[in-house]
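*Asks:* What follows is final_10.csv, made up of CSV, C-alpha atoms (C1' of nucleotides) and all ligand atoms:
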```csv
chain,number,residue,atom,x,y,z
E,282,MET,CA,0.0,0.0,0.0
E,283,ASN,CA,1.1,3.6,-0.6
E,284,ARG,CA,0.5,6.6,1.6
E,285,THR,CA,-3.0,6.9,0.3
E,286,GLY,CA,-4.0,3.5,1.6
E,287,MET,CA,-4.6,2.4,-2.0
E,288,THR,CA,-2.6,-0.2,-3.7
E,289,ASP,CA,-1.3,1.6,-6.8
E,290,ALA,CA,-0.8,0.0,-10.2
E,291,ALA,CA,2.9,-0.1,-10.0
E,292,GLU,CA,3.0,-1.9,-6.7
E,293,LEU,CA,0.3,-4.3,-7.8
E,294,LEU,CA,2.3,-5.2,-10.8
E,295,ARG,CA,5.4,-5.7,-8.7
E,296,GLU,CA,3.5,-7.9,-6.3
E,297,HIS,CA,2.6,-10.1,-9.3
E,298,GLY,CA,6.1,-10.3,-10.6
E,299,ILE,CA,5.4,-8.0,-13.5
E,300,LYS,CA,7.9,-5.3,-14.2
E,301,PRO,CA,6.1,-2.0,-13.9
E,302,SER,CA,7.0,-0.3,-17.1
E,303,HIS,CA,5.5,3.1,-17.8
E,304,GLN,CA,3.0,1.7,-20.4
E,305,ARG,CA,2.0,-1.2,-18.1
E,306,VAL,CA,1.3,1.2,-15.2
E,307,LEU,CA,-0.7,3.4,-17.6
E,308,VAL,CA,-2.9,0.5,-18.8
E,309,LEU,CA,-3.5,-1.0,-15.3
E,310,SER,CA,-4.1,2.5,-13.8
E,311,TYR,CA,-6.6,3.2,-16.5
E,312,LEU,CA,-8.5,0.1,-15.8
E,313,MET,CA,-8.4,0.7,-12.0
E,314,THR,CA,-10.0,4.2,-12.5
E,315,HIS,CA,-12.5,3.3,-15.3
E,316,PRO,CA,-15.1,0.8,-14.1
E,317,GLU,CA,-17.0,0.9,-17.4
E,318,HIS,CA,-15.1,-2.1,-18.7
E,319,PRO,CA,-13.3,-0.4,-21.6
E,320,ALA,CA,-12.2,-2.3,-24.7
E,321,ALA,CA,-8.6,-2.5,-25.8
E,322,ASP,CA,-9.1,0.2,-28.4
E,323,ALA,CA,-10.8,2.5,-26.0
E,324,ILE,CA,-7.9,2.1,-23.5
E,325,TYR,CA,-5.4,2.8,-26.3
E,326,ARG,CA,-7.2,5.9,-27.6
E,327,SER,CA,-7.6,7.3,-24.0
E,328,LEU,CA,-3.9,6.9,-23.2
E,329,LEU,CA,-2.6,8.2,-26.5
E,330,PRO,CA,-2.7,11.9,-25.4
E,331,GLU,CA,-0.6,11.0,-22.3
E,332,MET,CA,1.9,8.9,-24.3
E,333,ALA,CA,2.0,9.6,-28.0
E,334,SER,CA,4.4,6.7,-28.7
E,335,LEU,CA,2.1,4.1,-27.2
E,336,SER,CA,1.4,1.2,-29.5
E,337,LYS,CA,-1.9,-0.7,-29.6
E,338,MET,CA,0.1,-3.8,-29.6
E,339,THR,CA,1.5,-2.9,-26.2
E,340,VAL,CA,-2.0,-2.5,-24.9
E,341,TYR,CA,-2.9,-6.0,-26.1
E,342,ASN,CA,0.3,-7.4,-24.8
E,343,THR,CA,-0.2,-5.8,-21.4
E,344,LEU,CA,-3.8,-6.8,-21.1
E,345,GLU,CA,-2.8,-10.4,-21.8
E,346,ILE,CA,-0.1,-10.2,-19.2
E,347,LEU,CA,-2.6,-8.8,-16.7
E,348,ARG,CA,-5.1,-11.5,-17.6
E,349,LYS,CA,-2.6,-14.3,-17.1
E,350,ALA,CA,-1.6,-12.8,-13.7
E,351,GLY,CA,-5.3,-12.7,-12.7
E,352,LEU,CA,-5.3,-8.9,-12.4
E,353,VAL,CA,-8.0,-8.4,-15.1
E,354,ARG,CA,-10.8,-10.5,-16.6
E,355,ILE,CA,-12.2,-10.4,-20.0
E,356,VAL,CA,-15.9,-9.7,-20.5
E,357,ARG,CA,-17.3,-10.6,-23.8
E,358,ILE,CA,-21.0,-10.0,-24.3
E,359,GLY,CA,-22.5,-9.6,-27.7
E,360,ASP,CA,-20.2,-7.5,-29.7
E,361,PRO,CA,-16.9,-8.6,-31.2
E,362,GLU,CA,-14.7,-6.5,-28.9
E,363,ALA,CA,-13.4,-7.9,-25.7
E,364,ARG,CA,-13.8,-5.6,-22.7
E,365,TYR,CA,-11.6,-5.6,-19.6
E,366,ASP,CA,-12.4,-5.6,-16.0
E,367,VAL,CA,-10.0,-5.2,-13.0
E,368,MET,CA,-10.9,-8.5,-11.5
E,369,THR,CA,-12.1,-8.4,-7.9
E,370,ASP,CA,-14.7,-10.7,-6.6
E,371,ASP,CA,-17.3,-12.7,-8.5
E,372,HIS,CA,-20.0,-10.5,-10.0
E,373,GLY,CA,-22.5,-10.4,-12.8
E,374,HIS,CA,-22.6,-8.1,-15.8
E,375,PHE,CA,-25.5,-6.3,-17.4
E,376,LYS,CA,-25.1,-5.3,-21.0
E,377,CYS,CA,-27.5,-2.6,-22.4
E,378,GLU,CA,-28.6,-3.6,-25.9
E,379,ILE,CA,-29.1,0.1,-26.8
E,380,CYS,CA,-26.1,2.1,-25.5
E,381,GLY,CA,-23.7,-0.9,-25.1
E,382,GLY,CA,-23.0,0.1,-21.5
E,383,LEU,CA,-21.7,-2.6,-19.2
E,384,SER,CA,-22.5,-2.5,-15.5
E,385,ASP,CA,-21.8,-4.7,-12.6
E,386,PHE,CA,-24.3,-6.4,-10.3
E,387,ALA,CA,-24.0,-8.6,-7.2
E,388,VAL,CA,-24.6,-12.3,-7.7
E,389,ASP,CA,-24.4,-15.2,-5.5
E,390,MET,CA,-22.9,-17.9,-7.6
E,391,ARG,CA,-23.2,-20.7,-5.1
E,392,PRO,CA,-26.8,-21.8,-5.6
E,393,LEU,CA,-26.2,-22.0,-9.3
E,394,VAL,CA,-24.7,-25.5,-9.3
E,395,SER,CA,-27.7,-27.6,-8.6
E,396,ASP,CA,-26.4,-30.8,-9.9
E,397,GLY,CA,-25.6,-32.1,-13.3
E,398,LEU,CA,-22.0,-30.9,-13.0
E,399,ALA,CA,-20.8,-33.7,-10.8
E,400,GLY,CA,-17.4,-34.8,-12.1
E,401,TYR,CA,-16.7,-31.5,-13.7
E,402,GLU,CA,-13.9,-29.2,-12.4
E,403,ILE,CA,-15.3,-25.7,-12.4
E,404,ARG,CA,-12.7,-23.0,-12.7
E,405,GLU,CA,-14.7,-20.0,-13.6
E,406,ARG,CA,-18.3,-18.9,-13.2
E,407,ASN,CA,-19.9,-16.3,-15.3
E,408,VAL,CA,-23.3,-14.6,-15.2
E,409,TYR,CA,-24.4,-11.9,-17.6
E,410,PHE,CA,-27.8,-10.4,-18.4
E,411,LYS,CA,-28.8,-8.4,-21.4
E,412,GLY,CA,-31.5,-5.8,-21.7
E,413,ILE,CA,-32.1,-2.1,-21.4
E,414,CYS,CA,-30.5,0.2,-18.8
E,415,PRO,CA,-32.5,2.8,-16.9
E,416,GLY,CA,-31.1,5.7,-18.9
E,417,CYS,CA,-32.1,4.2,-22.2
E,418,LEU,CA,-35.5,3.2,-20.9
E,419,GLU,CA,-36.1,6.8,-20.0
E,420,ASN,CA,-35.1,8.0,-23.4
E,421,LYS,CA,-37.5,5.6,-25.0
E,422,THR,CA,-40.6,6.9,-23.2
E,423,GLU,CA,-39.7,10.5,-23.9
R,120,MET,CA,-46.6,-32.1,-35.0
R,121,ASN,CA,-46.1,-34.9,-37.4
R,122,ARG,CA,-47.0,-38.6,-37.1
R,123,THR,CA,-44.0,-39.2,-34.8
R,124,GLY,CA,-45.2,-36.8,-32.3
R,125,MET,CA,-42.1,-34.7,-32.9
R,126,THR,CA,-42.3,-31.3,-34.4
R,127,ASP,CA,-40.0,-31.5,-37.4
R,128,ALA,CA,-37.8,-28.7,-38.7
R,129,ALA,CA,-40.0,-27.9,-41.7
R,130,GLU,CA,-43.1,-27.4,-39.7
R,131,LEU,CA,-41.3,-25.5,-37.0
R,132,LEU,CA,-40.1,-23.1,-39.7
R,133,ARG,CA,-43.6,-22.7,-41.1
R,134,GLU,CA,-45.0,-22.0,-37.7
R,135,HIS,CA,-42.6,-19.1,-37.4
R,136,GLY,CA,-43.4,-17.7,-40.8
R,137,ILE,CA,-40.1,-18.9,-42.4
R,138,LYS,CA,-40.3,-20.6,-45.7
R,139,PRO,CA,-38.9,-24.1,-45.2
R,140,SER,CA,-36.4,-24.2,-48.1
R,141,HIS,CA,-34.3,-27.3,-48.4
R,142,GLN,CA,-31.2,-25.6,-47.0
R,143,ARG,CA,-33.0,-24.1,-44.0
R,144,VAL,CA,-34.6,-27.4,-43.1
R,145,LEU,CA,-31.1,-29.0,-43.3
R,146,VAL,CA,-29.6,-26.4,-41.0
R,147,LEU,CA,-32.4,-26.5,-38.4
R,148,SER,CA,-32.6,-30.3,-38.5
R,149,TYR,CA,-28.9,-30.5,-38.0
R,150,LEU,CA,-29.1,-28.3,-34.9
R,151,MET,CA,-32.1,-30.3,-33.6
R,152,THR,CA,-30.1,-33.6,-33.8
R,153,HIS,CA,-26.8,-32.3,-32.6
R,154,PRO,CA,-26.8,-31.0,-29.1
R,155,GLU,CA,-23.1,-30.3,-29.0
R,156,HIS,CA,-23.6,-26.7,-30.0
R,157,PRO,CA,-21.9,-26.7,-33.4
R,158,ALA,CA,-20.3,-23.6,-34.9
R,159,ALA,CA,-21.4,-22.3,-38.3
R,160,ASP,CA,-18.4,-23.9,-40.0
R,161,ALA,CA,-19.0,-27.2,-38.4
R,162,ILE,CA,-22.7,-27.2,-39.6
R,163,TYR,CA,-21.5,-26.2,-43.0
R,164,ARG,CA,-18.9,-29.0,-43.3
R,165,SER,CA,-21.3,-31.6,-41.9
R,166,LEU,CA,-24.0,-30.7,-44.4
R,167,LEU,CA,-21.8,-30.4,-47.5
R,168,PRO,CA,-21.8,-34.2,-48.3
R,169,GLU,CA,-25.6,-34.0,-48.3
R,170,MET,CA,-25.8,-30.9,-50.4
R,171,ALA,CA,-22.7,-30.2,-52.4
R,172,SER,CA,-24.0,-26.8,-53.6
R,173,LEU,CA,-24.5,-25.4,-50.1
R,174,SER,CA,-22.8,-22.1,-49.4
R,175,LYS,CA,-21.5,-21.1,-46.1
R,176,MET,CA,-23.2,-17.8,-46.6
R,177,THR,CA,-26.5,-19.6,-46.6
R,178,VAL,CA,-25.6,-21.3,-43.3
R,179,TYR,CA,-24.9,-17.8,-41.8
R,180,ASN,CA,-28.0,-16.4,-43.3
R,181,THR,CA,-30.2,-19.2,-42.0
R,182,LEU,CA,-28.7,-19.1,-38.5
R,183,GLU,CA,-29.4,-15.4,-38.4
R,184,ILE,CA,-33.0,-15.9,-39.5
R,185,LEU,CA,-33.4,-18.7,-36.9
R,186,ARG,CA,-31.9,-16.5,-34.2
R,187,LYS,CA,-34.3,-13.6,-35.0
R,188,ALA,CA,-37.2,-16.0,-34.9
R,189,GLY,CA,-36.1,-17.2,-31.4
R,190,LEU,CA,-35.5,-20.7,-32.7
R,191,VAL,CA,-31.8,-20.8,-31.9
R,192,ARG,CA,-29.5,-18.9,-29.5
R,193,ILE,CA,-25.9,-18.1,-29.9
R,194,VAL,CA,-23.4,-19.3,-27.3
R,195,ARG,CA,-20.1,-17.5,-27.2
R,196,ILE,CA,-17.6,-18.6,-24.6
R,197,GLY,CA,-13.9,-18.0,-25.0
R,198,ASP,CA,-13.0,-18.8,-28.6
R,199,PRO,CA,-13.9,-16.5,-31.5
R,200,GLU,CA,-16.4,-18.8,-33.1
R,201,ALA,CA,-20.1,-18.4,-32.3
R,202,ARG,CA,-21.8,-21.7,-31.5
R,203,TYR,CA,-25.5,-22.4,-31.9
R,204,ASP,CA,-28.1,-24.0,-29.7
R,205,VAL,CA,-31.7,-24.9,-30.5
R,206,MET,CA,-33.2,-22.7,-27.8
R,207,THR,CA,-35.5,-24.4,-25.4
R,208,ASP,CA,-35.7,-23.4,-21.8
R,209,ASP,CA,-33.1,-21.4,-19.8
R,210,HIS,CA,-30.0,-23.4,-19.0
R,211,GLY,CA,-26.3,-22.9,-18.3
R,212,HIS,CA,-23.3,-23.9,-20.4
R,213,PHE,CA,-20.1,-25.5,-19.3
R,214,LYS,CA,-17.1,-25.1,-21.6
R,215,CYS,CA,-14.2,-27.5,-21.2
R,216,GLU,CA,-11.0,-25.5,-21.5
R,217,ILE,CA,-9.1,-28.6,-22.8
R,218,CYS,CA,-11.4,-30.3,-25.4
R,219,GLY,CA,-13.6,-27.2,-26.1
R,220,GLY,CA,-16.7,-29.3,-25.5
R,221,LEU,CA,-19.8,-27.4,-24.6
R,222,SER,CA,-22.4,-29.1,-22.4
R,223,ASP,CA,-25.7,-28.0,-20.8
R,224,PHE,CA,-26.6,-27.9,-17.2
R,225,ALA,CA,-29.8,-27.0,-15.3
R,226,VAL,CA,-29.8,-23.6,-13.7
R,227,ASP,CA,-32.4,-21.7,-11.7
R,228,MET,CA,-32.0,-18.1,-12.9
R,229,ARG,CA,-34.5,-16.6,-10.6
R,230,PRO,CA,-32.5,-16.3,-7.4
R,231,LEU,CA,-29.7,-14.6,-9.4
R,232,VAL,CA,-31.3,-11.1,-9.3
R,233,SER,CA,-30.7,-10.2,-5.8
R,234,ASP,CA,-31.1,-6.5,-6.2
R,235,GLY,CA,-28.9,-3.8,-7.8
R,236,LEU,CA,-30.8,-4.3,-11.1
R,237,ALA,CA,-33.9,-2.3,-10.1
R,238,GLY,CA,-34.8,-0.1,-13.0
R,239,TYR,CA,-33.2,-2.4,-15.6
R,240,GLU,CA,-35.3,-4.3,-18.1
R,241,ILE,CA,-33.8,-7.7,-18.2
R,242,ARG,CA,-34.3,-9.5,-21.6
R,243,GLU,CA,-31.8,-12.3,-21.4
R,244,ARG,CA,-30.1,-14.2,-18.7
R,245,ASN,CA,-26.9,-16.2,-19.3
R,246,VAL,CA,-24.8,-18.4,-17.1
R,247,TYR,CA,-21.7,-20.2,-18.2
R,248,PHE,CA,-18.9,-22.0,-16.4
R,249,LYS,CA,-15.5,-22.9,-17.6
R,250,GLY,CA,-13.3,-25.7,-16.4
R,251,ILE,CA,-12.4,-29.3,-17.3
R,252,CYS,CA,-14.9,-32.0,-18.3
R,253,PRO,CA,-14.9,-35.5,-16.7
R,254,GLY,CA,-13.4,-37.0,-19.9
R,255,CYS,CA,-10.5,-34.6,-19.9
R,256,LEU,CA,-10.0,-35.0,-16.2
R,257,GLU,CA,-9.6,-38.7,-16.6
R,258,ASN,CA,-7.1,-38.3,-19.4
R,259,LYS,CA,-5.0,-36.1,-17.2
R,260,THR,CA,-4.6,-38.6,-14.4
R,261,GLU,CA,-3.7,-41.4,-16.8
H,206,DC,C1',31.4,0.6,-22.0
H,207,DA,C1',29.9,-3.6,-24.4
H,208,DA,C1',26.8,-7.5,-24.5
H,209,DT,C1',22.5,-9.5,-23.4
H,210,DA,C1',17.8,-9.6,-22.1
H,211,DA,C1',13.3,-7.5,-21.9
H,212,DT,C1',10.0,-4.6,-23.7
H,213,DT,C1',7.9,-1.8,-27.1
H,214,DT,C1',6.8,-0.7,-31.6
H,215,DA,C1',5.6,-1.1,-36.6
H,216,DT,C1',3.8,-4.0,-39.9
H,217,DA,C1',1.7,-7.9,-41.9
H,218,DA,C1',-1.3,-12.0,-41.4
H,219,DT,C1',-5.4,-14.4,-39.6
H,220,DG,C1',-10.0,-15.7,-39.6
H,221,DA,C1',-14.8,-15.4,-38.4
H,222,DT,C1',-18.3,-12.6,-39.8
H,223,DT,C1',-20.6,-9.2,-42.8
H,224,DA,C1',-21.6,-6.7,-47.1
H,225,DT,C1',-22.6,-6.8,-51.8
H,226,DA,C1',-24.3,-8.2,-55.9
H,227,DA,C1',-25.0,-11.8,-59.4
H,228,DA,C1',-27.4,-16.2,-60.3
H,229,DA,C1',-30.9,-19.3,-59.4
H,230,DT,C1',-35.2,-20.4,-57.7
H,231,DT,C1',-40.0,-19.6,-56.5
H,232,DA,C1',-44.2,-17.0,-56.6
H,233,DT,C1',-47.4,-13.9,-58.9
H,234,DA,C1',-49.7,-11.8,-62.8
H,235,DA,C1',-51.0,-11.5,-67.5
Y,2,DT,C1',-47.8,-20.9,-70.3
Y,3,DT,C1',-45.0,-16.8,-70.4
Y,4,DA,C1',-43.5,-12.7,-68.5
Y,5,DT,C1',-42.4,-10.4,-64.3
Y,6,DA,C1',-41.4,-9.7,-59.7
Y,7,DA,C1',-39.9,-11.3,-55.3
Y,8,DT,C1',-37.3,-14.4,-52.6
Y,9,DT,C1',-33.5,-17.2,-51.8
Y,10,DT,C1',-29.0,-18.9,-52.6
Y,11,DT,C1',-24.5,-18.4,-54.0
Y,12,DA,C1',-19.9,-16.5,-55.1
Y,13,DT,C1',-16.8,-13.0,-54.0
Y,14,DA,C1',-14.9,-9.2,-51.7
Y,15,DA,C1',-14.5,-6.3,-47.5
Y,16,DT,C1',-14.3,-5.6,-42.5
Y,17,DC,C1',-12.1,-5.6,-38.3
Y,18,DA,C1',-10.6,-7.3,-33.8
Y,19,DT,C1',-6.9,-10.0,-32.7
Y,20,DT,C1',-2.5,-12.4,-33.3
Y,21,DA,C1',2.1,-13.3,-35.3
Y,22,DT,C1',6.5,-11.7,-36.5
Y,23,DA,C1',10.5,-9.2,-36.4
Y,24,DA,C1',12.9,-4.8,-36.0
Y,25,DA,C1',13.8,-1.0,-32.8
Y,26,DT,C1',14.2,0.7,-28.4
Y,27,DT,C1',15.2,0.4,-23.5
Y,28,DA,C1',16.9,-1.8,-19.4
Y,29,DT,C1',20.1,-4.9,-17.1
Y,30,DT,C1',24.4,-7.2,-16.2
Y,31,DG,C1',29.3,-8.0,-16.3
E,501,MN,MN,-17.3,-6.0,-13.9
E,502,MN,MN,-27.3,-25.4,-24.7
E,503,ZN,ZN,-28.4,1.9,-22.2
E,504,ZN,ZN,-12.9,-31.8,-22.1
```
What would the structure in this file look like if it were written as C-alpha cells?
Ligand SMILES: [Mn+2]
Ligand SMILES: [Mn+2]
Ligand SMILES: [Zn+2]
Ligand SMILES: [Zn+2]
*Replies:*
Amino acid sequence: MNRTGMTDAAELLREHGIKPSHQRVLVLSYLMTHPEHPAADAIYRSLLPEMASLSKMTVYNTLEILRKAGLVRIVRIGDPEARYDVMTDDHGHFKCEICGGLSDFAVDMRPLVSDGLAGYEIRERNVYFKGICPGCLENKTE
Amino acid sequence: MNRTGMTDAAELLREHGIKPSHQRVLVLSYLMTHPEHPAADAIYRSLLPEMASLSKMTVYNTLEILRKAGLVRIVRIGDPEARYDVMTDDHGHFKCEICGGLSDFAVDMRPLVSDGLAGYEIRERNVYFKGICPGCLENKTE
DNA sequence: CAATAATTTATAATGATTATAAAATTATAA
DNA sequence: TTATAATTTTATAATCATTATAAATTATTG
C-alpha cells in the first residue's frame, strides 16, 4: 500500500512479478480508474494523449499479461470486442442492448450449481444479463 | 406435430413464418439432432456431403433468421467462433478448456437477481462456467 | 562501456463474420 | 404458359478485432 492507503498500479504489478513499465502502469491504472469495462481500443485511444508513442500492440500485450496474472478478466457479451475488468470478486454483468453500456451487479454464484455438474472441475463462473438500462428506458418513453 | 409426435424442422419453420427451403430445413434439422452446440463452419462442413452446392453464406443467413425467430440462441464462450443451440428453456453452459466441448446444465436463474438491477429491463439471462470436463480430467490422471 | 535480455513498436497475417451483388429459384400476374 | 417480380441462394470481396513476426528501443548485467 502507498501513503493513500490504496494499492497503486505499479505496486500491484510488482506484487505479481510484472515489471512496472511506464506503459503497463498506464494501462492498469486506466482500468483501475475506469469501471466501465473499456475495450482495448478505448484504452489505447484514451492513453494516446498521455503517451504519444504508445502502440496498440503494447495495450494488447499488457492486457494479456494482466489476464494471465489474474489482475484483469475479459468480459465478452454480444459484440466482437473484448472488454476488460479489473478482477475483484465474482459479480454479474449487465449489457445494455441500446447504449452498449456494461454495468456490474452482485450475484451469489453458489446456488447456481444444482447438480448435473458432478465430475466437472469448475474453474470460472460467469453470469451476464442483457436488456435495457434505466437511462435508455427513460429516453424511450420521452 | 407430425405422425411421430415430434415437431419437425420444416413445420417449425412454417410455424414461425419462415419458408422451409431445403437448406433451411437442413440447418435446423442439424441443430435439432446435434446438441453439441456446433459452430457455423461445423454445420456447413457436416451438411456439405448431403448438399454439395450449399454455401457457407446460406448457413450464416439461415442461422441469423433462426436467431431472429427465437429458434436458436448463440453461445459464445472463449473462442472466436459463435456456436449455436436450439433454444428451449433457460440453461447454463459448461465449456471445457481442454477439449472445447460445450455441455448443458440446469440452472435456476430466478435467485440470481438479488437487487442492484432495479430499473433495468432484463431480456436475457446467461450463465456459463469454464473448467475441465470429466473425460479430460480422466485423461490427465492417466 | 559492451553484451545481453526484456520490452515496445511497426507491420503484416489471420480468420470469423458481414456486405454486396450476381445467379438461381419460386411465386405472382397476365 | 410466359413474363415479371420477389425471394433465396451463391460467389466474391470487405471488415475488423486480434495475433504473429520481427525490427527497434530500452533496461540490465558483467
Ligand atoms: Mn465487472
Ligand atoms: Mn445449450
Ligand atoms: Zn443503455
Ligand atoms: Zn474436455
*Asks:* Would you list which chain E residues are within 9 Å of chain Y using all atoms listed in the file, as a PyMOL selection string?
*Replies:* chain E and resi 341+361-363
*Asks:* Just how far from CA of His156 (chain R) is CA of Glu261 (chain R), in Å to one decimal?
*Replies:*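 A separation of 28.0 Å between them.
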*Asks:* Rank E:Thr422, E:Ser334, E:Asn407, E:Ser302 by their smallest atom-to-atom distance to chain R, using all atoms listed in the file, and report the top residue only.
*Replies:*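 Looking at the shortest contact to chain R, the residue is E:Asn407.
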*Asks:* In Å to one decimal, how far is CA of His141 (chain R) from CA of Pro168 (chain R)?
*Replies:*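 Taking CA of Pro168 (chain R) and CA of His141 (chain R), their separation equals 14.3 Å.
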*Asks:* Which residues are near ligand MN 501 (chain E) - at most 9 Å, using all atoms listed in the file? Format: as a VMD selection string.
*Replies:* chain E and resid 316 to 318 354 356 365 to 369 371 to 375 383 to 386
*Asks:* Can you tell me how far CA of Ala323 (chain E) sits from CA of Val308 (chain E), in Å to one decimal?
*Replies:*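 Separating CA of Ala323 (chain E) from CA of Val308 (chain E) is a distance of 10.9 Å.
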*Asks:* With a distance threshold of 8 Å and counting all atoms listed in the file, extract the residues of chain E near chain H and express them as a PyMOL selection string.
*Replies:* chain E and resi 336+338-339
*Asks:* Using all atoms listed in the file, select each residue of chain R with any atom at most 9 Å away from an atom of chain E, and give the selection as number ranges by chain.
*Replies:* R: 195-197, 199, 213, 215, 223-228, 230-254, 256
*Asks:* Show me the residues close to (-6.8, 1.8, -22.2) - anything with an atom within 10 Å, counting only C-alpha atoms (C1' of nucleotides) - and format the list as a VMD selection string.
*Replies:* chain E and resid 304 307 to 312 315 318 to 329 337 340 to 341 344 365
*Asks:* Could you model N, CA, C and O atoms for region 387-401 of chain E and present them as an mmCIF file, in the coordinates of the input?
*Replies:*
```cif
data_model
loop_
_atom_site.group_PDB
_atom_site.id
_atom_site.type_symbol
_atom_site.label_atom_id
_atom_site.label_comp_id
_atom_site.auth_asym_id
_atom_site.auth_seq_id
_atom_site.Cartn_x
_atom_site.Cartn_y
_atom_site.Cartn_z
ATOM 1 N N ALA E 387 -24.349 -7.525 -8.156
ATOM 2 C CA ALA E 387 -24.000 -8.600 -7.200
ATOM 3 C C ALA E 387 -24.701 -9.871 -7.575
ATOM 4 O O ALA E 387 -25.862 -9.858 -7.972
ATOM 5 N N VAL E 388 -24.015 -10.957 -7.429
ATOM 6 C CA VAL E 388 -24.600 -12.300 -7.700
ATOM 7 C C VAL E 388 -24.035 -13.291 -6.779
ATOM 8 O O VAL E 388 -22.838 -13.282 -6.483
ATOM 9 N N ASP E 389 -24.904 -14.123 -6.287
ATOM 10 C CA ASP E 389 -24.400 -15.200 -5.500
ATOM 11 C C ASP E 389 -24.335 -16.456 -6.357
ATOM 12 O O ASP E 389 -25.333 -17.029 -6.783
ATOM 13 N N MET E 390 -23.108 -16.837 -6.666
ATOM 14 C CA MET E 390 -22.900 -17.900 -7.600
ATOM 15 C C MET E 390 -23.160 -19.316 -7.030
ATOM 16 O O MET E 390 -23.333 -20.274 -7.758
ATOM 17 N N ARG E 391 -23.153 -19.403 -5.710
ATOM 18 C CA ARG E 391 -23.200 -20.700 -5.100
ATOM 19 C C ARG E 391 -24.432 -21.541 -5.446
ATOM 20 O O ARG E 391 -24.318 -22.698 -5.847
ATOM 21 N N PRO E 392 -25.636 -20.947 -5.326
ATOM 22 C CA PRO E 392 -26.800 -21.800 -5.600
ATOM 23 C C PRO E 392 -26.971 -22.182 -7.035
ATOM 24 O O PRO E 392 -27.878 -22.932 -7.376
ATOM 25 N N LEU E 393 -26.076 -21.704 -7.888
ATOM 26 C CA LEU E 393 -26.200 -22.000 -9.300
ATOM 27 C C LEU E 393 -26.041 -23.470 -9.629
ATOM 28 O O LEU E 393 -26.805 -24.050 -10.390
ATOM 29 N N VAL E 394 -24.989 -24.048 -9.035
ATOM 30 C CA VAL E 394 -24.700 -25.500 -9.300
ATOM 31 C C VAL E 394 -25.676 -26.350 -8.592
ATOM 32 O O VAL E 394 -25.403 -26.764 -7.477
ATOM 33 N N SER E 395 -26.796 -26.644 -9.198
ATOM 34 C CA SER E 395 -27.700 -27.600 -8.600
ATOM 35 C C SER E 395 -27.135 -28.951 -8.561
ATOM 36 O O SER E 395 -26.807 -29.506 -7.539
ATOM 37 N N ASP E 396 -27.010 -29.516 -9.711
ATOM 38 C CA ASP E 396 -26.400 -30.800 -9.900
ATOM 39 C C ASP E 396 -26.042 -30.888 -11.376
ATOM 40 O O ASP E 396 -25.994 -29.871 -12.047
ATOM 41 N N GLY E 397 -25.867 -32.035 -11.911
ATOM 42 C CA GLY E 397 -25.600 -32.100 -13.300
ATOM 43 C C GLY E 397 -24.196 -31.739 -13.697
ATOM 44 O O GLY E 397 -23.773 -31.906 -14.831
ATOM 45 N N LEU E 398 -23.444 -31.239 -12.719
ATOM 46 C CA LEU E 398 -22.000 -30.900 -13.000
ATOM 47 C C LEU E 398 -21.117 -31.737 -12.090
ATOM 48 O O LEU E 398 -19.956 -31.382 -11.896
ATOM 49 N N ALA E 399 -21.660 -32.839 -11.576
ATOM 50 C CA ALA E 399 -20.800 -33.700 -10.800
ATOM 51 C C ALA E 399 -19.742 -34.307 -11.735
ATOM 52 O O ALA E 399 -20.033 -34.698 -12.855
ATOM 53 N N GLY E 400 -18.525 -34.310 -11.282
ATOM 54 C CA GLY E 400 -17.400 -34.800 -12.100
ATOM 55 C C GLY E 400 -16.763 -33.776 -12.946
ATOM 56 O O GLY E 400 -15.757 -34.044 -13.582
ATOM 57 N N TYR E 401 -17.316 -32.564 -12.955
ATOM 58 C CA TYR E 401 -16.700 -31.500 -13.700
ATOM 59 C C TYR E 401 -15.833 -30.648 -12.718
ATOM 60 O O TYR E 401 -16.224 -30.451 -11.567
#
```
